[in-house]
Amino acid sequence: QQQVVDVENAVTWARAHDGIDRVVVVGAALGAAVALAVGAAVAAVDGFAAVGGPSDLWRVWSALPNFPRFQEKVELARRQYVRDGTSSTMKLSKLLSSDPGTCALIEHDAPLHPTWTPELTFESLHWLFQFRPEKQAATAKKGLFVTCEHDGLIGRVEAVSAWASCPEPK
């Protein structure tokens, strides 16, 4: 949700400049969910494009095997963080292991960004489980959804479901 706020701030900045009369937000992968959320929540946005991403992260993750155990681990880590500030992380390659192609890209790109650690905090996972922009899709403006038929991470159902929730034009 913080990324939605960040994009809203960028839209506000763009709209403050002469010559910018239309703003369309484009996002891919997790950014697709952000684009959908911005398209639904930010009045200053004229439209959005969501490319190959989730529209309900709870639905995506809860369908995975052993999700209840994983969710419990995430919640325990979040409580630990709230209690004493101890943060624990998970390697992206483990989280995204159902898509070897994405994992290979992460491994390939990691040396190009020496200050980046390809990990995600469990606290972030907690908030990602809460990120369900499809629930606000009925107020979205001019949506475009792009998906591929075979995606190891995000099923096509995510784009189809979000598309069905959005008003015309789409």
# chains A, B, ... in the order shown; residues from 1 in each chain; ligands from 1
$ select_by_dssp --residues "chain A" --states "strand (DSSP E)" --output "NGL selection string"
:A and (24-28 or 47-51 or 89-91 or 119-121 or 143-146)
$ residues_around --residues "A:Arg78" --least-positions-apart "6" --cutoff "10 Å" --atoms "only C-alpha atoms" --output "PyMOL selection string"
chain A and resi 72+85-88+121-127
$ select_by_dssp --residues "chain A" --states "alpha helix (DSSP H)" --output "JSON, numbers by chain"
{"A": [2, 3, 4, 5, 6, 7, 8, 9, 10, 11, 12, 13, 14, 15, 30, 31, 32, 33, 34, 35, 36, 37, 38, 39, 40, 41, 57, 58, 59, 60, 61, 62, 67, 68, 69, 70, 71, 72, 73, 74, 75, 76, 77, 78, 79, 80, 81, 82, 83, 84, 92, 93, 94, 95, 100, 101, 102, 103, 104, 105, 106, 107, 108, 109, 122, 123, 124, 125, 126, 127, 128, 129, 130, 157, 158, 159, 160, 161, 162, 163, 164, 165]}
$ write_last_selection --atoms "C-alpha atoms" --output "mmCIF file, in the first residue's frame"
data_model
loop_
_atom_site.group_PDB
_atom_site.id
_atom_site.type_symbol
_atom_site.label_atom_id
_atom_site.label_comp_id
_atom_site.auth_asym_id
_atom_site.auth_seq_id
_atom_site.Cartn_x
_atom_site.Cartn_y
_atom_site.Cartn_z
ATOM 1 C CA GLN A 2 2.954 2.322 0.626
ATOM 2 C CA GLN A 3 3.884 1.974 -3.057
ATOM 3 C CA VAL A 4 0.391 3.224 -3.949
ATOM 4 C CA VAL A 5 1.091 6.313 -1.832
ATOM 5 C CA ASP A 6 4.478 6.741 -3.532
ATOM 6 C CA VAL A 7 2.888 6.568 -7.003
ATOM 7 C CA GLU A 8 0.168 9.005 -5.936
ATOM 8 C CA ASN A 9 2.919 11.426 -4.887
ATOM 9 C CA ALA A 10 4.618 10.984 -8.267
ATOM 10 C CA VAL A 11 1.305 11.679 -10.026
ATOM 11 C CA THR A 12 0.831 14.834 -7.950
ATOM 12 C CA TRP A 13 4.352 15.942 -8.890
ATOM 13 C CA ALA A 14 3.732 15.243 -12.595
ATOM 14 C CA ARG A 15 0.403 17.078 -12.629
ATOM 15 C CA LEU A 30 3.806 -6.726 -8.400
ATOM 16 C CA GLY A 31 3.706 -3.285 -10.015
ATOM 17 C CA ALA A 32 0.578 -4.433 -11.882
ATOM 18 C CA ALA A 33 -1.220 -4.701 -8.549
ATOM 19 C CA VAL A 34 0.039 -1.232 -7.631
ATOM 20 C CA ALA A 35 -1.132 0.163 -10.996
ATOM 21 C CA LEU A 36 -4.611 -1.330 -10.459
ATOM 22 C CA ALA A 37 -4.771 0.106 -6.924
ATOM 23 C CA VAL A 38 -3.662 3.540 -8.151
ATOM 24 C CA GLY A 39 -6.140 3.387 -11.027
ATOM 25 C CA ALA A 40 -8.901 2.765 -8.490
ATOM 26 C CA ALA A 41 -7.828 5.152 -5.726
ATOM 27 C CA LEU A 57 -2.174 -11.294 -3.285
ATOM 28 C CA TRP A 58 -4.064 -13.233 -0.627
ATOM 29 C CA ARG A 59 -5.727 -15.322 -3.322
ATOM 30 C CA VAL A 60 -2.386 -15.970 -5.045
ATOM 31 C CA TRP A 61 -0.513 -17.057 -1.935
ATOM 32 C CA SER A 62 -3.305 -18.869 -0.145
ATOM 33 C CA PHE A 67 0.203 -21.817 2.992
ATOM 34 C CA PRO A 68 -1.290 -22.041 6.512
ATOM 35 C CA ARG A 69 2.132 -23.001 7.891
ATOM 36 C CA PHE A 70 3.816 -20.243 5.895
ATOM 37 C CA GLN A 71 1.233 -17.694 7.059
ATOM 38 C CA GLU A 72 1.867 -18.727 10.669
ATOM 39 C CA LYS A 73 5.602 -18.195 10.185
ATOM 40 C CA VAL A 74 4.959 -14.750 8.697
ATOM 41 C CA GLU A 75 2.697 -13.789 11.593
ATOM 42 C CA LEU A 76 5.195 -15.000 14.221
ATOM 43 C CA ALA A 77 7.958 -12.983 12.544
ATOM 44 C CA ARG A 78 5.728 -9.893 12.424
ATOM 45 C CA ARG A 79 4.967 -10.201 16.133
ATOM 46 C CA GLN A 80 8.672 -10.564 16.905
ATOM 47 C CA TYR A 81 9.367 -7.415 14.888
ATOM 48 C CA VAL A 82 6.668 -5.484 16.755
ATOM 49 C CA ARG A 83 7.941 -6.733 20.137
ATOM 50 C CA ASP A 84 11.634 -6.003 19.774
ATOM 51 C CA LEU A 92 13.352 -14.107 -3.053
ATOM 52 C CA SER A 93 14.558 -17.255 -4.802
ATOM 53 C CA LYS A 94 12.831 -19.353 -2.133
ATOM 54 C CA LEU A 95 9.651 -17.295 -2.195
ATOM 55 C CA PRO A 100 12.746 -20.881 -12.062
ATOM 56 C CA GLY A 101 12.959 -18.294 -14.847
ATOM 57 C CA THR A 102 12.332 -15.417 -12.465
ATOM 58 C CA CYS A 103 14.797 -16.894 -9.966
ATOM 59 C CA ALA A 104 17.446 -17.087 -12.713
ATOM 60 C CA LEU A 105 16.833 -13.414 -13.588
ATOM 61 C CA ILE A 106 17.236 -12.433 -9.938
ATOM 62 C CA GLU A 107 20.508 -14.348 -9.688
ATOM 63 C CA HIS A 108 21.713 -12.804 -12.957
ATOM 64 C CA ASP A 109 20.784 -9.237 -11.964
ATOM 65 C CA PHE A 122 8.471 -11.286 6.747
ATOM 66 C CA GLU A 123 6.838 -8.041 7.879
ATOM 67 C CA SER A 124 6.544 -7.051 4.196
ATOM 68 C CA LEU A 125 4.958 -10.406 3.440
ATOM 69 C CA HIS A 126 2.370 -9.725 6.117
ATOM 70 C CA TRP A 127 1.407 -6.475 4.379
ATOM 71 C CA LEU A 128 1.514 -8.065 0.927
ATOM 72 C CA PHE A 129 -1.057 -10.617 2.090
ATOM 73 C CA GLN A 130 -3.308 -7.635 2.888
ATOM 74 C CA VAL A 157 -6.989 -15.880 -13.524
ATOM 75 C CA GLU A 158 -5.591 -12.807 -11.736
ATOM 76 C CA ALA A 159 -5.884 -10.576 -14.807
ATOM 77 C CA VAL A 160 -9.190 -12.105 -15.900
ATOM 78 C CA SER A 161 -10.725 -11.637 -12.453
ATOM 79 C CA ALA A 162 -9.495 -8.039 -12.096
ATOM 80 C CA TRP A 163 -10.632 -7.203 -15.624
ATOM 81 C CA ALA A 164 -14.111 -8.508 -14.829
ATOM 82 C CA SER A 165 -14.233 -6.314 -11.706
#
$ closest_residue --among "A:His113, A:Leu120, A:Ala29, A:Asp18" --to "A:Pro54" --atoms "only C-alpha atoms"
A:Ala29
$ closest_residue --among "A:Gly53, A:Gly19, A:Gly47, A:Gly27" --to "A:Cys166" --atoms "only C-alpha atoms"
A:Gly47
$ closest_residue --among "A:Gln1, A:Ala140, A:Pro118, A:Asp151" --to "A:Ala44" --atoms "only C-alpha atoms"
A:Ala140
$ atom_distance --atom1 "atom CA of A:Pro169" --atom2 "atom CA of A:Lys141"
7.6 Å
$ closest_residue --among "A:Leu144, A:Ala137, A:Leu153, A:Met90" --to "A:Ala50" --atoms "only C-alpha atoms"
A:Leu144
$ closest_residue --among "A:Asp46, A:Asp99, A:Glu134, A:Glu119" --to "A:His150" --atoms "only C-alpha atoms"
A:Asp99
$ closest_residue --among "A:Lys170, A:Ser55, A:Val24, A:Ala110" --to "A:Ala43" --atoms "only C-alpha atoms"
A:Val24
$ decode --residues "stretch 5-145 of chain A" --atoms "C-alpha atoms" --output "PDB file, in the first residue's frame"
ATOM      1  CA  VAL A   5       1.091   6.313  -1.832  1.00  0.00           C
ATOM      2  CA  ASP A   6       4.478   6.741  -3.532  1.00  0.00           C
ATOM      3  CA  VAL A   7       2.888   6.568  -7.003  1.00  0.00           C
ATOM      4  CA  GLU A   8       0.168   9.005  -5.936  1.00  0.00           C
ATOM      5  CA  ASN A   9       2.919  11.426  -4.887  1.00  0.00           C
ATOM      6  CA  ALA A  10       4.618  10.984  -8.267  1.00  0.00           C
ATOM      7  CA  VAL A  11       1.305  11.679 -10.026  1.00  0.00           C
ATOM      8  CA  THR A  12       0.831  14.834  -7.950  1.00  0.00           C
ATOM      9  CA  TRP A  13       4.352  15.942  -8.890  1.00  0.00           C
ATOM     10  CA  ALA A  14       3.732  15.243 -12.595  1.00  0.00           C
ATOM     11  CA  ARG A  15       0.403  17.078 -12.629  1.00  0.00           C
ATOM     12  CA  ALA A  16       2.120  20.161 -11.151  1.00  0.00           C
ATOM     13  CA  HIS A  17       4.193  20.596 -14.327  1.00  0.00           C
ATOM     14  CA  ASP A  18       3.017  22.475 -17.394  1.00  0.00           C
ATOM     15  CA  GLY A  19       2.430  20.366 -20.447  1.00  0.00           C
ATOM     16  CA  ILE A  20       1.337  17.243 -18.601  1.00  0.00           C
ATOM     17  CA  ASP A  21      -2.360  16.851 -19.217  1.00  0.00           C
ATOM     18  CA  ARG A  22      -2.752  13.082 -18.872  1.00  0.00           C
ATOM     19  CA  VAL A  23      -1.253  10.538 -16.494  1.00  0.00           C
ATOM     20  CA  VAL A  24      -1.437   6.794 -17.066  1.00  0.00           C
ATOM     21  CA  VAL A  25       0.209   4.385 -14.636  1.00  0.00           C
ATOM     22  CA  VAL A  26       1.843   1.199 -15.911  1.00  0.00           C
ATOM     23  CA  GLY A  27       3.033  -1.631 -13.692  1.00  0.00           C
ATOM     24  CA  ALA A  28       4.414  -5.112 -14.292  1.00  0.00           C
ATOM     25  CA  ALA A  29       4.482  -8.077 -11.909  1.00  0.00           C
ATOM     26  CA  LEU A  30       3.806  -6.726  -8.400  1.00  0.00           C
ATOM     27  CA  GLY A  31       3.706  -3.285 -10.015  1.00  0.00           C
ATOM     28  CA  ALA A  32       0.578  -4.433 -11.882  1.00  0.00           C
ATOM     29  CA  ALA A  33      -1.220  -4.701  -8.549  1.00  0.00           C
ATOM     30  CA  VAL A  34       0.039  -1.232  -7.631  1.00  0.00           C
ATOM     31  CA  ALA A  35      -1.132   0.163 -10.996  1.00  0.00           C
ATOM     32  CA  LEU A  36      -4.611  -1.330 -10.459  1.00  0.00           C
ATOM     33  CA  ALA A  37      -4.771   0.106  -6.924  1.00  0.00           C
ATOM     34  CA  VAL A  38      -3.662   3.540  -8.151  1.00  0.00           C
ATOM     35  CA  GLY A  39      -6.140   3.387 -11.027  1.00  0.00           C
ATOM     36  CA  ALA A  40      -8.901   2.765  -8.490  1.00  0.00           C
ATOM     37  CA  ALA A  41      -7.828   5.152  -5.726  1.00  0.00           C
ATOM     38  CA  VAL A  42      -6.140   8.195  -7.280  1.00  0.00           C
ATOM     39  CA  ALA A  43      -8.486  10.697  -8.906  1.00  0.00           C
ATOM     40  CA  ALA A  44      -5.647  12.424 -10.799  1.00  0.00           C
ATOM     41  CA  VAL A  45      -4.879   9.254 -12.803  1.00  0.00           C
ATOM     42  CA  ASP A  46      -6.513   8.929 -16.225  1.00  0.00           C
ATOM     43  CA  GLY A  47      -5.931   5.199 -16.619  1.00  0.00           C
ATOM     44  CA  PHE A  48      -3.659   2.278 -15.887  1.00  0.00           C
ATOM     45  CA  ALA A  49      -2.085  -0.798 -17.447  1.00  0.00           C
ATOM     46  CA  ALA A  50      -1.464  -3.916 -15.369  1.00  0.00           C
ATOM     47  CA  VAL A  51       1.027  -6.277 -16.995  1.00  0.00           C
ATOM     48  CA  GLY A  52       1.320  -9.867 -15.801  1.00  0.00           C
ATOM     49  CA  GLY A  53       0.654  -9.337 -12.138  1.00  0.00           C
ATOM     50  CA  PRO A  54      -1.593 -10.250  -9.242  1.00  0.00           C
ATOM     51  CA  SER A  55      -4.769  -8.453  -8.347  1.00  0.00           C
ATOM     52  CA  ASP A  56      -5.353 -10.182  -5.019  1.00  0.00           C
ATOM     53  CA  LEU A  57      -2.174 -11.294  -3.285  1.00  0.00           C
ATOM     54  CA  TRP A  58      -4.064 -13.233  -0.627  1.00  0.00           C
ATOM     55  CA  ARG A  59      -5.727 -15.322  -3.322  1.00  0.00           C
ATOM     56  CA  VAL A  60      -2.386 -15.970  -5.045  1.00  0.00           C
ATOM     57  CA  TRP A  61      -0.513 -17.057  -1.935  1.00  0.00           C
ATOM     58  CA  SER A  62      -3.305 -18.869  -0.145  1.00  0.00           C
ATOM     59  CA  ALA A  63      -3.549 -21.276  -3.091  1.00  0.00           C
ATOM     60  CA  LEU A  64       0.034 -22.454  -2.571  1.00  0.00           C
ATOM     61  CA  PRO A  65       0.771 -25.735  -0.789  1.00  0.00           C
ATOM     62  CA  ASN A  66       1.506 -25.390   2.933  1.00  0.00           C
ATOM     63  CA  PHE A  67       0.203 -21.817   2.992  1.00  0.00           C
ATOM     64  CA  PRO A  68      -1.290 -22.041   6.512  1.00  0.00           C
ATOM     65  CA  ARG A  69       2.132 -23.001   7.891  1.00  0.00           C
ATOM     66  CA  PHE A  70       3.816 -20.243   5.895  1.00  0.00           C
ATOM     67  CA  GLN A  71       1.233 -17.694   7.059  1.00  0.00           C
ATOM     68  CA  GLU A  72       1.867 -18.727  10.669  1.00  0.00           C
ATOM     69  CA  LYS A  73       5.602 -18.195  10.185  1.00  0.00           C
ATOM     70  CA  VAL A  74       4.959 -14.750   8.697  1.00  0.00           C
ATOM     71  CA  GLU A  75       2.697 -13.789  11.593  1.00  0.00           C
ATOM     72  CA  LEU A  76       5.195 -15.000  14.221  1.00  0.00           C
ATOM     73  CA  ALA A  77       7.958 -12.983  12.544  1.00  0.00           C
ATOM     74  CA  ARG A  78       5.728  -9.893  12.424  1.00  0.00           C
ATOM     75  CA  ARG A  79       4.967 -10.201  16.133  1.00  0.00           C
ATOM     76  CA  GLN A  80       8.672 -10.564  16.905  1.00  0.00           C
ATOM     77  CA  TYR A  81       9.367  -7.415  14.888  1.00  0.00           C
ATOM     78  CA  VAL A  82       6.668  -5.484  16.755  1.00  0.00           C
ATOM     79  CA  ARG A  83       7.941  -6.733  20.137  1.00  0.00           C
ATOM     80  CA  ASP A  84      11.634  -6.003  19.774  1.00  0.00           C
ATOM     81  CA  GLY A  85      12.463  -4.746  16.272  1.00  0.00           C
ATOM     82  CA  THR A  86      14.054  -8.017  15.177  1.00  0.00           C
ATOM     83  CA  SER A  87      13.490  -8.356  11.441  1.00  0.00           C
ATOM     84  CA  SER A  88      13.750 -11.659   9.623  1.00  0.00           C
ATOM     85  CA  THR A  89      13.976 -12.139   5.885  1.00  0.00           C
ATOM     86  CA  MET A  90      13.326 -14.699   3.203  1.00  0.00           C
ATOM     87  CA  LYS A  91      15.346 -15.087   0.017  1.00  0.00           C
ATOM     88  CA  LEU A  92      13.352 -14.107  -3.053  1.00  0.00           C
ATOM     89  CA  SER A  93      14.558 -17.255  -4.802  1.00  0.00           C
ATOM     90  CA  LYS A  94      12.831 -19.353  -2.133  1.00  0.00           C
ATOM     91  CA  LEU A  95       9.651 -17.295  -2.195  1.00  0.00           C
ATOM     92  CA  LEU A  96       9.479 -17.424  -5.998  1.00  0.00           C
ATOM     93  CA  SER A  97      10.730 -20.996  -6.395  1.00  0.00           C
ATOM     94  CA  SER A  98       7.698 -21.978  -8.485  1.00  0.00           C
ATOM     95  CA  ASP A  99       9.138 -19.833 -11.297  1.00  0.00           C
ATOM     96  CA  PRO A 100      12.746 -20.881 -12.062  1.00  0.00           C
ATOM     97  CA  GLY A 101      12.959 -18.294 -14.847  1.00  0.00           C
ATOM     98  CA  THR A 102      12.332 -15.417 -12.465  1.00  0.00           C
ATOM     99  CA  CYS A 103      14.797 -16.894  -9.966  1.00  0.00           C
ATOM    100  CA  ALA A 104      17.446 -17.087 -12.713  1.00  0.00           C
ATOM    101  CA  LEU A 105      16.833 -13.414 -13.588  1.00  0.00           C
ATOM    102  CA  ILE A 106      17.236 -12.433  -9.938  1.00  0.00           C
ATOM    103  CA  GLU A 107      20.508 -14.348  -9.688  1.00  0.00           C
ATOM    104  CA  HIS A 108      21.713 -12.804 -12.957  1.00  0.00           C
ATOM    105  CA  ASP A 109      20.784  -9.237 -11.964  1.00  0.00           C
ATOM    106  CA  ALA A 110      21.953  -9.327  -8.332  1.00  0.00           C
ATOM    107  CA  PRO A 111      25.634  -8.572  -9.163  1.00  0.00           C
ATOM    108  CA  LEU A 112      24.512  -5.568 -11.220  1.00  0.00           C
ATOM    109  CA  HIS A 113      23.110  -3.995  -8.045  1.00  0.00           C
ATOM    110  CA  PRO A 114      25.708  -4.566  -5.323  1.00  0.00           C
ATOM    111  CA  THR A 115      23.756  -2.725  -2.617  1.00  0.00           C
ATOM    112  CA  TRP A 116      20.605  -4.793  -3.232  1.00  0.00           C
ATOM    113  CA  THR A 117      19.922  -7.899  -1.211  1.00  0.00           C
ATOM    114  CA  PRO A 118      17.440 -10.195  -2.982  1.00  0.00           C
ATOM    115  CA  GLU A 119      15.394 -10.800   0.172  1.00  0.00           C
ATOM    116  CA  LEU A 120      12.040  -9.749   1.540  1.00  0.00           C
ATOM    117  CA  THR A 121      11.182  -9.183   5.182  1.00  0.00           C
ATOM    118  CA  PHE A 122       8.471 -11.286   6.747  1.00  0.00           C
ATOM    119  CA  GLU A 123       6.838  -8.041   7.879  1.00  0.00           C
ATOM    120  CA  SER A 124       6.544  -7.051   4.196  1.00  0.00           C
ATOM    121  CA  LEU A 125       4.958 -10.406   3.440  1.00  0.00           C
ATOM    122  CA  HIS A 126       2.370  -9.725   6.117  1.00  0.00           C
ATOM    123  CA  TRP A 127       1.407  -6.475   4.379  1.00  0.00           C
ATOM    124  CA  LEU A 128       1.514  -8.065   0.927  1.00  0.00           C
ATOM    125  CA  PHE A 129      -1.057 -10.617   2.090  1.00  0.00           C
ATOM    126  CA  GLN A 130      -3.308  -7.635   2.888  1.00  0.00           C
ATOM    127  CA  PHE A 131      -2.829  -6.010  -0.543  1.00  0.00           C
ATOM    128  CA  ARG A 132      -5.964  -6.854  -2.509  1.00  0.00           C
ATOM    129  CA  PRO A 133      -6.509  -4.072  -5.066  1.00  0.00           C
ATOM    130  CA  GLU A 134      -9.121  -6.039  -6.991  1.00  0.00           C
ATOM    131  CA  LYS A 135     -11.544  -5.252  -4.172  1.00  0.00           C
ATOM    132  CA  GLN A 136     -11.427  -1.574  -5.256  1.00  0.00           C
ATOM    133  CA  ALA A 137     -11.428  -2.290  -9.011  1.00  0.00           C
ATOM    134  CA  ALA A 138     -15.034  -1.131  -9.446  1.00  0.00           C
ATOM    135  CA  THR A 139     -13.822   2.474  -9.148  1.00  0.00           C
ATOM    136  CA  ALA A 140     -10.840   2.076 -11.509  1.00  0.00           C
ATOM    137  CA  LYS A 141     -10.432   4.231 -14.575  1.00  0.00           C
ATOM    138  CA  LYS A 142      -9.627   2.980 -18.098  1.00  0.00           C
ATOM    139  CA  GLY A 143      -7.899  -0.271 -17.301  1.00  0.00           C
ATOM    140  CA  LEU A 144      -5.761  -2.365 -19.594  1.00  0.00           C
ATOM    141  CA  PHE A 145      -4.718  -5.863 -18.531  1.00  0.00           C
TER     142      PHE A 145
END
